[in-house]
>>> print(open('coords-v6.tsv').read())   # TSV, C-alpha atoms
chain	number	residue	atom	x	y	z
N	110	MET	CA	-8.45	5.71	-22.66
N	111	ASN	CA	-7.71	1.97	-22.59
N	112	ASN	CA	-10.43	-0.68	-22.35
N	113	PHE	CA	-11.11	-2.16	-18.91
N	114	ILE	CA	-13.53	-4.24	-16.87
N	115	TYR	CA	-14.67	-2.54	-13.68
N	116	SER	CA	-15.52	-4.51	-10.55
N	117	ILE	CA	-14.69	-3.66	-6.94
N	118	PRO	CA	-16.90	-6.13	-5.07
N	119	THR	CA	-15.51	-5.54	-1.57
N	120	LYS	CA	-18.32	-4.50	0.74
N	121	ILE	CA	-17.26	-1.68	3.03
N	122	PHE	CA	-18.63	-0.98	6.51
N	123	PHE	CA	-17.24	2.50	7.10
N	124	GLY	CA	-17.50	4.58	10.23
N	125	GLU	CA	-17.48	4.51	14.00
N	126	GLY	CA	-19.17	1.47	15.50
N	127	GLN	CA	-19.37	-0.50	12.25
N	128	ILE	CA	-17.75	-3.45	14.00
N	129	LYS	CA	-21.32	-4.34	14.95
N	130	ASN	CA	-21.70	-5.81	11.47
N	131	LEU	CA	-18.65	-8.07	11.64
N	132	GLY	CA	-20.08	-11.26	13.09
N	133	HIS	CA	-23.20	-11.29	10.94
N	134	GLU	CA	-21.18	-10.64	7.80
N	135	VAL	CA	-18.58	-13.32	8.57
N	136	LYS	CA	-21.38	-15.81	9.15
N	137	LYS	CA	-22.45	-15.43	5.52
N	138	TYR	CA	-19.17	-16.99	4.44
N	139	ALA	CA	-17.91	-19.23	7.20
N	140	ASP	CA	-18.59	-20.88	10.54
N	141	LYS	CA	-14.88	-21.07	11.31
N	142	VAL	CA	-12.19	-18.49	10.59
N	143	LEU	CA	-8.50	-17.85	11.04
N	144	LEU	CA	-8.09	-14.69	13.14
N	145	LEU	CA	-4.86	-13.12	11.95
N	146	TYR	CA	-3.10	-10.15	13.55
N	147	GLY	CA	0.30	-8.62	14.22
N	148	GLY	CA	2.24	-7.80	17.35
N	149	GLY	CA	-0.62	-7.63	19.81
N	150	SER	CA	-1.49	-3.93	19.87
N	151	ILE	CA	-5.11	-4.84	19.13
N	152	LYS	CA	-5.24	-6.49	22.54
N	153	LYS	CA	-4.08	-3.28	24.22
N	154	ASN	CA	-6.47	-0.92	22.46
N	155	GLY	CA	-9.58	-3.09	22.76
N	156	ILE	CA	-10.06	-3.96	19.09
N	157	TYR	CA	-9.32	-7.64	19.74
N	158	ASP	CA	-12.10	-7.80	22.34
N	159	ASP	CA	-14.53	-6.13	19.93
N	160	VAL	CA	-13.74	-8.66	17.22
N	161	VAL	CA	-13.89	-11.71	19.47
N	162	LYS	CA	-17.22	-10.61	20.93
N	163	GLN	CA	-18.68	-10.34	17.45
N	164	LEU	CA	-17.45	-13.79	16.50
N	165	ASN	CA	-18.69	-15.36	19.73
N	166	ASP	CA	-22.08	-13.63	19.56
N	167	ASN	CA	-22.61	-15.05	16.08
N	168	ALA	CA	-21.36	-18.57	16.85
N	169	VAL	CA	-18.32	-18.26	14.62
N	170	GLU	CA	-15.43	-20.49	15.72
N	171	PHE	CA	-11.92	-19.15	15.29
N	172	VAL	CA	-8.29	-20.13	15.57
N	173	GLU	CA	-5.61	-17.49	15.97
N	174	LEU	CA	-2.29	-16.70	14.36
N	175	ALA	CA	-0.48	-13.72	15.84
N	176	GLY	CA	2.83	-12.10	15.05
N	177	VAL	CA	2.48	-11.05	11.42
N	178	GLU	CA	5.55	-8.96	10.61
N	179	PRO	CA	5.49	-5.38	9.24
N	180	ASN	CA	6.95	-6.81	6.02
N	181	PRO	CA	5.08	-10.15	6.19
N	182	ARG	CA	7.25	-13.23	5.81
N	183	ILE	CA	6.60	-16.29	3.69
N	184	GLN	CA	7.30	-18.42	6.78
N	185	THR	CA	4.29	-16.85	8.51
N	186	VAL	CA	2.19	-17.49	5.42
N	187	ARG	CA	3.16	-21.16	5.53
N	188	LYS	CA	2.18	-21.37	9.22
N	189	GLY	CA	-1.20	-19.89	8.34
N	190	VAL	CA	-1.72	-22.32	5.48
N	191	ASP	CA	-0.96	-25.30	7.73
N	192	LEU	CA	-3.36	-23.99	10.37
N	193	CYS	CA	-6.17	-23.35	7.87
N	194	ARG	CA	-5.86	-26.85	6.42
N	195	LYS	CA	-5.68	-28.52	9.80
N	196	GLU	CA	-8.64	-26.61	11.23
N	197	ASN	CA	-10.75	-26.61	8.04
N	198	VAL	CA	-11.01	-22.83	8.04
N	199	LYS	CA	-13.15	-21.14	5.37
N	200	LEU	CA	-12.25	-17.47	5.84
N	201	VAL	CA	-9.14	-15.57	6.90
N	202	LEU	CA	-10.02	-12.52	9.00
N	203	ALA	CA	-7.17	-10.00	9.11
N	204	VAL	CA	-7.27	-7.49	11.94
N	205	GLY	CA	-4.59	-4.88	11.36
N	206	GLY	CA	-2.96	-2.88	8.62
N	207	GLY	CA	-1.78	-3.76	5.16
N	208	SER	CA	0.87	-6.25	6.25
N	209	THR	CA	-1.67	-8.37	8.07
N	210	ILE	CA	-4.15	-8.18	5.21
N	211	ASP	CA	-1.45	-9.04	2.67
N	212	CYS	CA	-0.48	-12.05	4.75
N	213	ALA	CA	-4.15	-13.08	4.91
N	214	LYS	CA	-4.41	-12.93	1.12
N	215	ALA	CA	-1.36	-15.11	0.66
N	216	ILE	CA	-2.62	-17.62	3.23
N	217	ALA	CA	-6.06	-17.72	1.60
N	218	GLY	CA	-4.66	-18.24	-1.88
N	219	ALA	CA	-2.03	-20.79	-0.87
N	220	THR	CA	-4.33	-22.93	1.28
N	221	LYS	CA	-6.08	-24.25	-1.80
N	222	TYR	CA	-2.91	-24.49	-3.87
N	223	ASP	CA	-1.11	-27.84	-4.09
N	224	GLY	CA	2.43	-26.47	-4.15
N	225	ASP	CA	4.44	-24.19	-1.88
N	226	ALA	CA	3.03	-20.79	-0.91
N	227	TRP	CA	5.98	-18.98	-2.50
N	228	ASP	CA	4.83	-20.24	-5.91
N	229	ILE	CA	1.73	-18.03	-5.82
N	230	VAL	CA	3.80	-15.05	-4.68
N	231	LEU	CA	5.96	-15.47	-7.76
N	232	ASP	CA	2.88	-15.86	-9.96
N	233	GLY	CA	-0.57	-14.96	-8.68
N	234	ARG	CA	-2.13	-16.57	-11.75
N	235	LYS	CA	-1.50	-19.93	-10.11
N	236	ILE	CA	-4.29	-19.18	-7.65
N	237	LYS	CA	-7.31	-21.03	-9.01
N	238	ASP	CA	-9.33	-21.08	-5.80
N	239	SER	CA	-9.07	-19.34	-2.46
N	240	LEU	CA	-10.44	-19.09	1.02
N	241	TYR	CA	-12.45	-15.94	1.67
N	242	VAL	CA	-10.60	-12.90	2.98
N	243	ALA	CA	-12.06	-10.17	5.19
N	244	SER	CA	-10.48	-7.40	7.20
N	245	VAL	CA	-10.85	-5.06	10.13
N	246	LEU	CA	-8.59	-2.16	9.24
N	247	THR	CA	-6.44	-0.49	11.90
N	248	LEU	CA	-4.03	1.58	9.79
N	249	ALA	CA	-4.58	3.84	6.77
N	250	ALA	CA	-1.76	3.11	4.36
N	251	THR	CA	-1.65	0.26	1.86
N	252	GLY	CA	-5.26	0.04	0.67
N	253	SER	CA	-5.02	-3.74	0.89
N	254	GLU	CA	-8.48	-3.81	2.47
N	255	MET	CA	-10.07	-3.25	-0.94
N	256	ASP	CA	-7.63	-4.45	-3.61
N	257	VAL	CA	-6.33	-7.61	-5.25
N	258	ALA	CA	-2.63	-7.28	-4.39
N	259	ALA	CA	-0.33	-8.46	-1.63
N	260	VAL	CA	3.39	-8.17	-0.99
N	261	ILE	CA	5.30	-10.95	0.78
N	262	SER	CA	8.97	-11.19	1.78
N	263	ASP	CA	11.45	-14.02	1.91
N	264	MET	CA	14.26	-12.49	3.94
N	265	THR	CA	16.44	-15.57	3.45
N	266	LYS	CA	16.68	-14.54	-0.21
N	267	ASN	CA	16.25	-10.78	0.29
N	268	ASP	CA	13.16	-10.93	-1.92
N	269	LYS	CA	10.07	-8.78	-1.47
N	270	ILE	CA	7.55	-9.55	-4.18
N	271	GLY	CA	4.00	-8.50	-4.94
N	272	PHE	CA	1.33	-10.69	-6.48
N	273	LYS	CA	-2.21	-10.11	-7.66
N	274	SER	CA	-5.35	-12.22	-7.85
N	275	GLU	CA	-8.98	-11.21	-7.95
N	276	LEU	CA	-9.69	-14.32	-5.87
N	277	VAL	CA	-8.03	-12.83	-2.77
N	278	ARG	CA	-9.73	-9.44	-2.83
N	279	PRO	CA	-11.48	-9.07	0.56
N	280	VAL	CA	-15.18	-9.86	0.42
N	281	PHE	CA	-15.74	-7.17	3.02
N	282	SER	CA	-13.81	-4.79	5.23
N	283	VAL	CA	-14.71	-2.96	8.41
N	284	MET	CA	-13.19	0.54	8.40
N	285	ASP	CA	-13.65	2.43	11.64
N	286	PRO	CA	-11.49	5.58	11.78
N	287	THR	CA	-11.49	5.46	15.60
N	288	TYR	CA	-9.52	2.21	15.33
N	289	THR	CA	-6.61	4.29	14.02
N	290	TYR	CA	-6.56	6.77	16.92
N	291	SER	CA	-3.75	4.88	18.65
N	292	VAL	CA	-1.51	4.78	15.58
N	293	SER	CA	1.76	6.56	16.34
N	294	LYS	CA	2.84	9.79	14.70
N	295	TYR	CA	5.60	7.93	12.88
N	296	GLN	CA	3.31	5.24	11.47
N	297	THR	CA	0.66	7.82	10.55
N	298	ALA	CA	3.29	9.73	8.58
N	299	ALA	CA	4.68	6.59	6.95
N	300	GLY	CA	1.18	5.40	6.07
N	301	SER	CA	0.33	8.76	4.52
N	302	ALA	CA	3.51	8.61	2.43
N	303	ASP	CA	2.45	5.16	1.25
N	304	ILE	CA	-0.95	6.48	0.18
N	305	ILE	CA	0.67	9.38	-1.68
N	306	SER	CA	3.03	7.02	-3.46
N	307	HIS	CA	0.18	4.77	-4.58
N	308	ILE	CA	-1.56	7.76	-6.11
N	309	LEU	CA	1.60	9.04	-7.80
N	310	GLU	CA	2.20	5.65	-9.42
N	311	SER	CA	-1.11	6.07	-11.25
N	312	TYR	CA	-0.79	9.82	-11.74
N	313	PHE	CA	2.47	9.56	-13.65
N	314	SER	CA	1.12	7.34	-16.39
N	315	ASN	CA	1.68	7.05	-20.11
N	316	VAL	CA	-2.06	7.32	-20.72
N	317	ASN	CA	-3.49	10.39	-19.02
N	318	THR	CA	-7.23	9.85	-18.71
N	319	TYR	CA	-8.62	13.24	-17.73
N	320	MET	CA	-11.01	11.99	-15.06
N	321	ASN	CA	-8.39	9.75	-13.48
N	322	VAL	CA	-5.82	12.54	-13.34
N	323	ARG	CA	-8.27	14.90	-11.62
N	324	ASN	CA	-9.26	12.19	-9.13
N	325	CYS	CA	-5.59	11.54	-8.38
N	326	GLU	CA	-5.08	15.22	-7.66
N	327	ALA	CA	-8.09	15.32	-5.36
N	328	LEU	CA	-6.81	12.32	-3.42
N	329	LEU	CA	-3.32	13.81	-3.17
N	330	LYS	CA	-4.69	17.07	-1.82
N	331	THR	CA	-6.83	15.13	0.67
N	332	VAL	CA	-3.84	13.31	2.12
N	333	ILE	CA	-1.69	16.44	2.07
N	334	GLU	CA	-4.40	18.29	3.99
N	335	PHE	CA	-5.27	15.70	6.62
N	336	ALA	CA	-2.03	13.84	7.43
N	337	PRO	CA	-0.57	16.74	9.45
N	338	ILE	CA	-3.85	17.14	11.31
N	339	ALA	CA	-3.96	13.42	12.20
N	340	ILE	CA	-0.36	13.61	13.41
N	341	LYS	CA	-1.04	16.68	15.56
N	342	GLU	CA	-4.49	15.57	16.71
N	343	PRO	CA	-4.53	11.74	16.79
N	344	THR	CA	-8.22	11.56	17.72
N	345	ASN	CA	-9.44	13.98	15.05
N	346	TYR	CA	-12.16	11.86	13.46
N	347	GLU	CA	-12.41	13.77	10.18
N	348	ALA	CA	-8.66	13.61	9.61
N	349	ARG	CA	-8.49	9.90	10.35
N	350	ALA	CA	-11.59	9.21	8.26
N	351	ASN	CA	-10.31	11.09	5.22
N	352	LEU	CA	-6.95	9.30	5.36
N	353	MET	CA	-8.62	5.92	5.76
N	354	TRP	CA	-10.96	6.40	2.82
N	355	ALA	CA	-8.24	7.90	0.63
N	356	SER	CA	-6.02	4.89	1.29
N	357	SER	CA	-8.63	2.58	-0.23
N	358	TRP	CA	-9.27	4.67	-3.33
N	359	ALA	CA	-5.57	5.17	-3.96
N	360	ILE	CA	-5.13	1.54	-4.97
N	361	ASN	CA	-8.47	-0.20	-5.54
N	362	ASP	CA	-8.04	0.15	-9.34
N	363	PHE	CA	-10.42	3.11	-9.69
N	364	ILE	CA	-7.78	5.73	-10.53
N	365	LYS	CA	-5.74	3.48	-12.78
N	366	LEU	CA	-8.44	1.92	-14.97
N	367	GLY	CA	-8.09	3.19	-18.51
N	368	ASN	CA	-4.49	4.23	-17.90
N	369	GLU	CA	-1.28	2.44	-18.74
N	370	VAL	CA	0.30	1.95	-15.34
N	371	ASN	CA	3.33	-0.13	-14.40
N	372	TRP	CA	4.69	1.04	-11.08
N	373	THR	CA	8.25	2.30	-10.72
N	374	VAL	CA	8.97	3.65	-7.23
N	375	HIS	CA	7.50	0.66	-5.40
N	376	PRO	CA	9.76	-1.93	-7.09
N	377	ILE	CA	12.75	0.24	-6.22
N	378	GLU	CA	11.69	0.59	-2.58
N	379	HIS	CA	10.91	-3.12	-2.29
N	380	GLN	CA	14.64	-3.74	-2.58
N	381	LEU	CA	15.30	-1.47	0.40
N	382	SER	CA	12.74	-3.33	2.50
N	383	ALA	CA	13.96	-6.73	1.32
N	384	TYR	CA	17.56	-6.07	2.33
N	385	TYR	CA	17.09	-3.79	5.34
N	386	ASP	CA	13.51	-4.45	6.55
N	387	ILE	CA	12.72	-0.74	6.77
N	388	THR	CA	9.25	0.79	7.04
N	389	HIS	CA	7.80	0.70	3.52
N	390	GLY	CA	6.22	4.16	3.56
N	391	VAL	CA	9.44	5.73	4.78
N	392	GLY	CA	11.40	4.11	1.97
N	393	LEU	CA	8.89	5.45	-0.55
N	394	ALA	CA	9.17	8.97	0.86
N	395	ILE	CA	12.96	8.85	0.62
N	396	ILE	CA	13.02	7.57	-2.97
N	397	THR	CA	10.13	9.57	-4.48
N	398	PRO	CA	11.74	13.04	-4.88
N	399	HIS	CA	14.92	11.50	-6.30
N	400	TRP	CA	12.89	9.40	-8.75
N	401	MET	CA	11.02	12.52	-9.81
N	402	ARG	CA	14.22	14.38	-10.57
N	403	ALA	CA	15.64	11.35	-12.38
N	404	VAL	CA	12.71	11.12	-14.81
N	405	LEU	CA	12.22	14.86	-15.35
N	406	SER	CA	12.98	15.61	-19.01
N	407	ASP	CA	11.73	17.49	-22.05
N	408	ILE	CA	9.19	14.68	-22.47
N	409	THR	CA	7.87	14.66	-18.90
N	410	VAL	CA	8.21	18.32	-17.89
N	411	GLU	CA	4.62	19.22	-18.85
N	412	LYS	CA	3.28	16.52	-16.52
N	413	PHE	CA	5.42	17.74	-13.66
N	414	CYS	CA	4.21	21.29	-14.26
N	415	GLU	CA	0.65	19.99	-14.08
N	416	PHE	CA	1.54	18.30	-10.79
N	417	ALA	CA	3.10	21.51	-9.45
N	418	HIS	CA	0.10	23.64	-10.41
N	419	ASN	CA	-2.84	21.37	-9.59
N	420	VAL	CA	-1.45	19.73	-6.46
N	421	TRP	CA	0.75	22.47	-4.98
N	422	ASP	CA	-0.95	25.57	-6.45
N	423	ILE	CA	2.28	26.80	-8.03
N	424	PRO	CA	1.51	29.38	-10.76
N	425	TYR	CA	2.48	28.57	-14.33
N	426	ILE	CA	5.66	30.34	-15.44
N	427	GLU	CA	7.67	30.44	-18.65
N	428	ASP	CA	10.54	28.39	-17.20
N	429	LYS	CA	8.89	24.96	-17.15
N	430	PHE	CA	11.82	23.15	-15.56
N	431	LYS	CA	11.94	25.63	-12.69
N	432	MET	CA	8.23	25.17	-12.13
N	433	ALA	CA	8.56	21.37	-12.28
N	434	ASN	CA	11.45	21.36	-9.83
N	435	ASP	CA	9.54	23.68	-7.51
N	436	GLY	CA	6.75	21.08	-7.41
N	437	ILE	CA	9.22	18.30	-6.65
N	438	ASP	CA	10.78	20.42	-3.92
N	439	ARG	CA	7.35	20.98	-2.38
N	440	MET	CA	6.75	17.22	-2.34
N	441	GLU	CA	10.07	16.65	-0.59
N	442	GLU	CA	9.47	19.47	1.89
N	443	TYR	CA	6.06	18.02	2.69
N	444	PHE	CA	7.53	14.64	3.57
N	445	LYS	CA	10.10	16.38	5.76
N	446	SER	CA	7.31	18.28	7.51
N	447	LEU	CA	5.82	14.94	8.56
N	448	ASP	CA	9.12	14.20	10.32
N	449	ILE	CA	9.89	11.28	8.02
N	450	PRO	CA	13.57	10.30	7.58
N	451	MET	CA	14.59	11.55	4.15
N	452	THR	CA	17.95	9.88	3.61
N	453	LEU	CA	18.92	6.22	3.40
N	454	ARG	CA	21.61	6.73	6.04
N	455	GLU	CA	18.94	7.76	8.56
N	456	VAL	CA	17.31	4.32	8.26
N	457	GLY	CA	20.57	2.38	8.44
N	458	ILE	CA	21.25	1.83	4.75
N	459	ASP	CA	24.73	2.13	3.25
N	460	LYS	CA	26.15	1.41	-0.21
N	461	GLU	CA	26.94	-2.25	0.42
N	462	ASN	CA	23.95	-3.68	-1.46
N	463	PHE	CA	23.32	-0.89	-3.95
N	464	ASP	CA	24.51	-2.90	-6.95
N	465	ILE	CA	22.43	-6.02	-6.33
N	466	MET	CA	19.38	-3.95	-5.34
N	467	ALA	CA	19.61	-1.86	-8.50
N	468	THR	CA	20.07	-5.00	-10.62
N	469	LYS	CA	16.93	-6.59	-9.15
N	470	ALA	CA	14.86	-3.40	-9.36
N	471	ALA	CA	15.82	-2.86	-13.00
N	472	LYS	CA	14.08	-6.12	-13.91
N	473	SER	CA	10.75	-4.41	-13.15
N	474	MET	CA	11.45	-1.43	-15.40
N	475	VAL	CA	9.29	-2.41	-18.37
N	476	ASN	CA	6.44	-0.24	-19.68
N	477	ASN	CA	6.87	2.22	-16.82
N	478	TYR	CA	6.19	5.94	-17.00
N	479	VAL	CA	9.91	6.21	-17.67
N	480	GLU	CA	11.92	3.00	-17.96
N	481	LEU	CA	15.06	3.17	-15.83
N	482	THR	CA	18.33	1.34	-16.26
N	483	LYS	CA	20.32	-0.25	-13.47
N	484	GLU	CA	22.72	2.68	-13.66
N	485	GLN	CA	19.92	5.22	-13.26
N	486	ILE	CA	18.56	3.35	-10.24
N	487	LEU	CA	22.05	3.28	-8.75
N	488	GLU	CA	22.19	7.04	-9.17
N	489	ILE	CA	18.85	7.39	-7.36
N	490	PHE	CA	20.25	5.33	-4.46
N	491	GLU	CA	23.43	7.42	-4.40
N	492	LYS	CA	21.51	10.70	-4.29
N	493	ALA	CA	19.16	9.35	-1.61
N	494	LEU	CA	22.04	8.28	0.61
>>> encode(input="coords-v6.tsv", output="structure tokens")
Amino acid sequence: MNNFIYSIPTKIFFGEGQIKNLGHEVKKYADKVLLLYGGGSIKKNGIYDDVVKQLNDNAVEFVELAGVEPNPRIQTVRKGVDLCRKENVKLVLAVGGGSTIDCAKAIAGATKYDGDAWDIVLDGRKIKDSLYVASVLTLAATGSEMDVAAVISDMTKNDKIGFKSELVRPVFSVMDPTYTYSVSKYQTAAGSADIISHILESYFSNVNTYMNVRNCEALLKTVIEFAPIAIKEPTNYEARANLMWASSWAINDFIKLGNEVNWTVHPIEHQLSAYYDITHGVGLAIITPHWMRAVLSDITVEKFCEFAHNVWDIPYIEDKFKMANDGIDRMEEYFKSLDIPMTLREVGIDKENFDIMATKAAKSMVNNYVELTKEQILEIFEKAL
């Protein structure tokens, strides 16, 4: 087990009705906030009214920035930075899913940075000070409500890049599972695939800390169990609650601390999103089984057998590669059962940009579970087509 420092200081208000704590908690950090949200669904489902009432009841002023994109753009970040500086905002309150929270983190970090916001996306270490970040979560997927990372896109350059800084970790998050009742079947499935992918990035690690591996398996089985229920029964509280809580623990550092983890599937998928603006979780679901088959070898087969047995309850057999492939097949079949597109063609992707996408993705293939070459990534794209 590697050395690590453990600190997850985000305060969580979890459960139905926890919005009652929002105004009082915001007031601890700021008298004026930037209220950040996406396409306006929060105004249709009543969440916006709940948030505004809390701010008004606690004498918290706010300015609004709507329209955060599903793959948040650097241009929107720059708008938020200008607004925060002009209005002397102290806290960015994201109401939405991971894209909105990621955008809030970038705005918060860039507001107190002298250069352009894209600089901190390229290197989160440049963030030396930040506005506070808080969130009201409306989608179980990215885990951004409790972690230090954000992913921002510059579509003019076809770049989608993640950055990290402890300074932008939310100081608190309100997580009410009922706020996810209106999430569509498609987005519930895509969000669940995102959670699964986050867990797998830590699970397939070069340092297998026993406790972390078992926790990964428990989280995987939780999502596998409850995603279909949430899709079939959108207002099933237990299903929504389990997905929401699993999304946080999939990426808040807990299951990776002590392990050697450099993600592989996410950097590959980021190229798909950067060039085609597809739903992130769908891209992950498409790529994951093909990545698994690409890295299966004499060296990794034992780990894939462990995955097959402990996650999918496949009995151990003498033919390890058959067992490993059975586990991979089960993962792929599960994604299909959620009615997620499972080929690149289905989401409008052809071969045109394969070469440049593979070239850019290969730059991230250092100290991964299995380091992949450009040619291997190209093969993954070809097989996923």
>>> closest_residue(input="coords-v6.tsv", among="N:Glu125, N:Asp238, N:Glu254, N:Asp464", to="N:Arg349", atoms="only C-alpha atoms")
N:Glu125
>>> residues_around(input="coords-v6.tsv", residues="stretch 288-304 of chain N", least_positions_apart="4", cutoff="9 Å", atoms="all atoms listed in the file", output="JSON, numbers by chain")
{"N": [125, 154, 156, 246, 247, 248, 249, 250, 251, 252, 284, 308, 309, 329, 332, 333, 336, 337, 339, 340, 341, 343, 344, 345, 346, 349, 352, 353, 355, 356, 357, 359, 360, 388, 389, 390, 391, 392, 393, 394, 444, 447, 448, 449]}
>>> atom_distance(input="coords-v6.tsv", atom1="atom CA of N:Arg182", atom2="atom CA of N:Ala470")
19.6 Å
>>> residues_around(input="coords-v6.tsv", residues="N:Lys221", least_positions_apart="2", cutoff="7 Å", atoms="only C-alpha atoms", output="list in words")
Gly218, Ala219, Asp223, Asp238 and Ser239 of chain N
>>> atom_distance(input="coords-v6.tsv", atom1="atom CA of N:Asn267", atom2="atom CA of N:Ala203")
25.0 Å
>>> residues_around(input="coords-v6.tsv", residues="stretch 405-419 of chain N", least_positions_apart="3", cutoff="6 Å", atoms="only C-alpha atoms", output="list in words")
Arg402, Asp422, Ile423, Pro424, Met432, Ala433 and Gly436 of chain N
>>> residues_around(input="coords-v6.tsv", residues="stretch 450-463 of chain N", least_positions_apart="5", cutoff="6 Å", atoms="all atoms listed in the file", output="number ranges by chain")
N: 395, 493-494
>>> closest_residue(input="coords-v6.tsv", among="N:Lys129, N:Lys141, N:Lys273, N:Lys120", to="N:Asn197", atoms="only C-alpha atoms")
N:Lys141
>>> atom_distance(input="coords-v6.tsv", atom1="atom CA of N:Phe122", atom2="atom CA of N:Trp354")
11.3 Å
>>> closest_residue(input="coords-v6.tsv", among="N:Arg278, N:Lys365, N:Lys492, N:Lys137", to="N:Val316", atoms="only C-alpha atoms")
N:Lys365
>>> residues_around(input="coords-v6.tsv", residues="N:Asn361", least_positions_apart="6", cutoff="8 Å", atoms="only C-alpha atoms", output="VMD selection string")
chain N and resid 117 252 255 to 257
>>> closest_residue(input="coords-v6.tsv", among="N:Glu334, N:Glu347, N:Glu369, N:Glu196", to="N:Tyr443", atoms="only C-alpha atoms")
N:Glu334
>>> decode(input="coords-v6.tsv", residues="stretch 295-351 of chain N", atoms="C-alpha atoms", output="PDB file, in the first residue's frame")
ATOM      1  CA  TYR N 295     -31.167   7.715 -20.866  1.00  0.00           C
ATOM      2  CA  GLN N 296     -29.339  10.058 -18.496  1.00  0.00           C
ATOM      3  CA  THR N 297     -29.825   7.676 -15.568  1.00  0.00           C
ATOM      4  CA  ALA N 298     -28.206   4.914 -17.617  1.00  0.00           C
ATOM      5  CA  ALA N 299     -25.391   7.163 -18.827  1.00  0.00           C
ATOM      6  CA  GLY N 300     -24.768   8.423 -15.301  1.00  0.00           C
ATOM      7  CA  SER N 301     -24.634   4.878 -13.959  1.00  0.00           C
ATOM      8  CA  ALA N 302     -22.108   3.944 -16.645  1.00  0.00           C
ATOM      9  CA  ASP N 303     -20.018   6.922 -15.575  1.00  0.00           C
ATOM     10  CA  ILE N 304     -20.065   5.760 -11.951  1.00  0.00           C
ATOM     11  CA  ILE N 305     -19.068   2.243 -12.981  1.00  0.00           C
ATOM     12  CA  SER N 306     -16.205   3.579 -15.069  1.00  0.00           C
ATOM     13  CA  HIS N 307     -14.891   5.683 -12.183  1.00  0.00           C
ATOM     14  CA  ILE N 308     -14.807   2.595 -10.002  1.00  0.00           C
ATOM     15  CA  LEU N 309     -13.136   0.450 -12.658  1.00  0.00           C
ATOM     16  CA  GLU N 310     -10.378   3.035 -13.117  1.00  0.00           C
ATOM     17  CA  SER N 311      -9.402   2.454  -9.486  1.00  0.00           C
ATOM     18  CA  TYR N 312     -10.180  -1.258  -9.472  1.00  0.00           C
ATOM     19  CA  PHE N 313      -7.762  -2.043 -12.289  1.00  0.00           C
ATOM     20  CA  SER N 314      -4.707  -0.685 -10.539  1.00  0.00           C
ATOM     21  CA  ASN N 315      -1.073  -1.694 -10.346  1.00  0.00           C
ATOM     22  CA  VAL N 316      -1.247  -1.677  -6.549  1.00  0.00           C
ATOM     23  CA  ASN N 317      -4.113  -3.824  -5.316  1.00  0.00           C
ATOM     24  CA  THR N 318      -4.857  -2.754  -1.763  1.00  0.00           C
ATOM     25  CA  TYR N 319      -7.172  -5.439  -0.404  1.00  0.00           C
ATOM     26  CA  MET N 320      -9.617  -3.103   1.318  1.00  0.00           C
ATOM     27  CA  ASN N 321      -9.854  -0.809  -1.700  1.00  0.00           C
ATOM     28  CA  VAL N 322     -10.498  -3.705  -4.071  1.00  0.00           C
ATOM     29  CA  ARG N 323     -13.317  -5.052  -1.895  1.00  0.00           C
ATOM     30  CA  ASN N 324     -14.856  -1.576  -1.596  1.00  0.00           C
ATOM     31  CA  CYS N 325     -14.693  -1.187  -5.371  1.00  0.00           C
ATOM     32  CA  GLU N 326     -16.533  -4.468  -5.799  1.00  0.00           C
ATOM     33  CA  ALA N 327     -19.216  -3.429  -3.319  1.00  0.00           C
ATOM     34  CA  LEU N 328     -19.751  -0.149  -5.140  1.00  0.00           C
ATOM     35  CA  LEU N 329     -19.895  -1.898  -8.515  1.00  0.00           C
ATOM     36  CA  LYS N 330     -22.494  -4.348  -7.257  1.00  0.00           C
ATOM     37  CA  THR N 331     -24.494  -1.454  -5.797  1.00  0.00           C
ATOM     38  CA  VAL N 332     -24.699   0.354  -9.123  1.00  0.00           C
ATOM     39  CA  ILE N 333     -25.354  -2.868 -11.024  1.00  0.00           C
ATOM     40  CA  GLU N 334     -28.232  -3.639  -8.663  1.00  0.00           C
ATOM     41  CA  PHE N 335     -29.921  -0.250  -8.502  1.00  0.00           C
ATOM     42  CA  ALA N 336     -29.468   1.350 -11.939  1.00  0.00           C
ATOM     43  CA  PRO N 337     -32.077  -0.895 -13.609  1.00  0.00           C
ATOM     44  CA  ILE N 338     -34.502  -0.248 -10.757  1.00  0.00           C
ATOM     45  CA  ALA N 339     -34.070   3.536 -11.056  1.00  0.00           C
ATOM     46  CA  ILE N 340     -34.632   3.307 -14.810  1.00  0.00           C
ATOM     47  CA  LYS N 341     -37.777   1.210 -14.405  1.00  0.00           C
ATOM     48  CA  GLU N 342     -39.064   3.049 -11.326  1.00  0.00           C
ATOM     49  CA  PRO N 343     -37.831   6.672 -11.538  1.00  0.00           C
ATOM     50  CA  THR N 344     -39.259   7.607  -8.130  1.00  0.00           C
ATOM     51  CA  ASN N 345     -37.835   4.625  -6.249  1.00  0.00           C
ATOM     52  CA  TYR N 346     -36.104   6.429  -3.390  1.00  0.00           C
ATOM     53  CA  GLU N 347     -33.774   3.603  -2.361  1.00  0.00           C
ATOM     54  CA  ALA N 348     -32.550   3.100  -5.918  1.00  0.00           C
ATOM     55  CA  ARG N 349     -31.928   6.805  -6.455  1.00  0.00           C
ATOM     56  CA  ALA N 350     -30.293   7.156  -3.040  1.00  0.00           C
ATOM     57  CA  ASN N 351     -27.918   4.248  -3.564  1.00  0.00           C
TER      58      ASN N 351
END
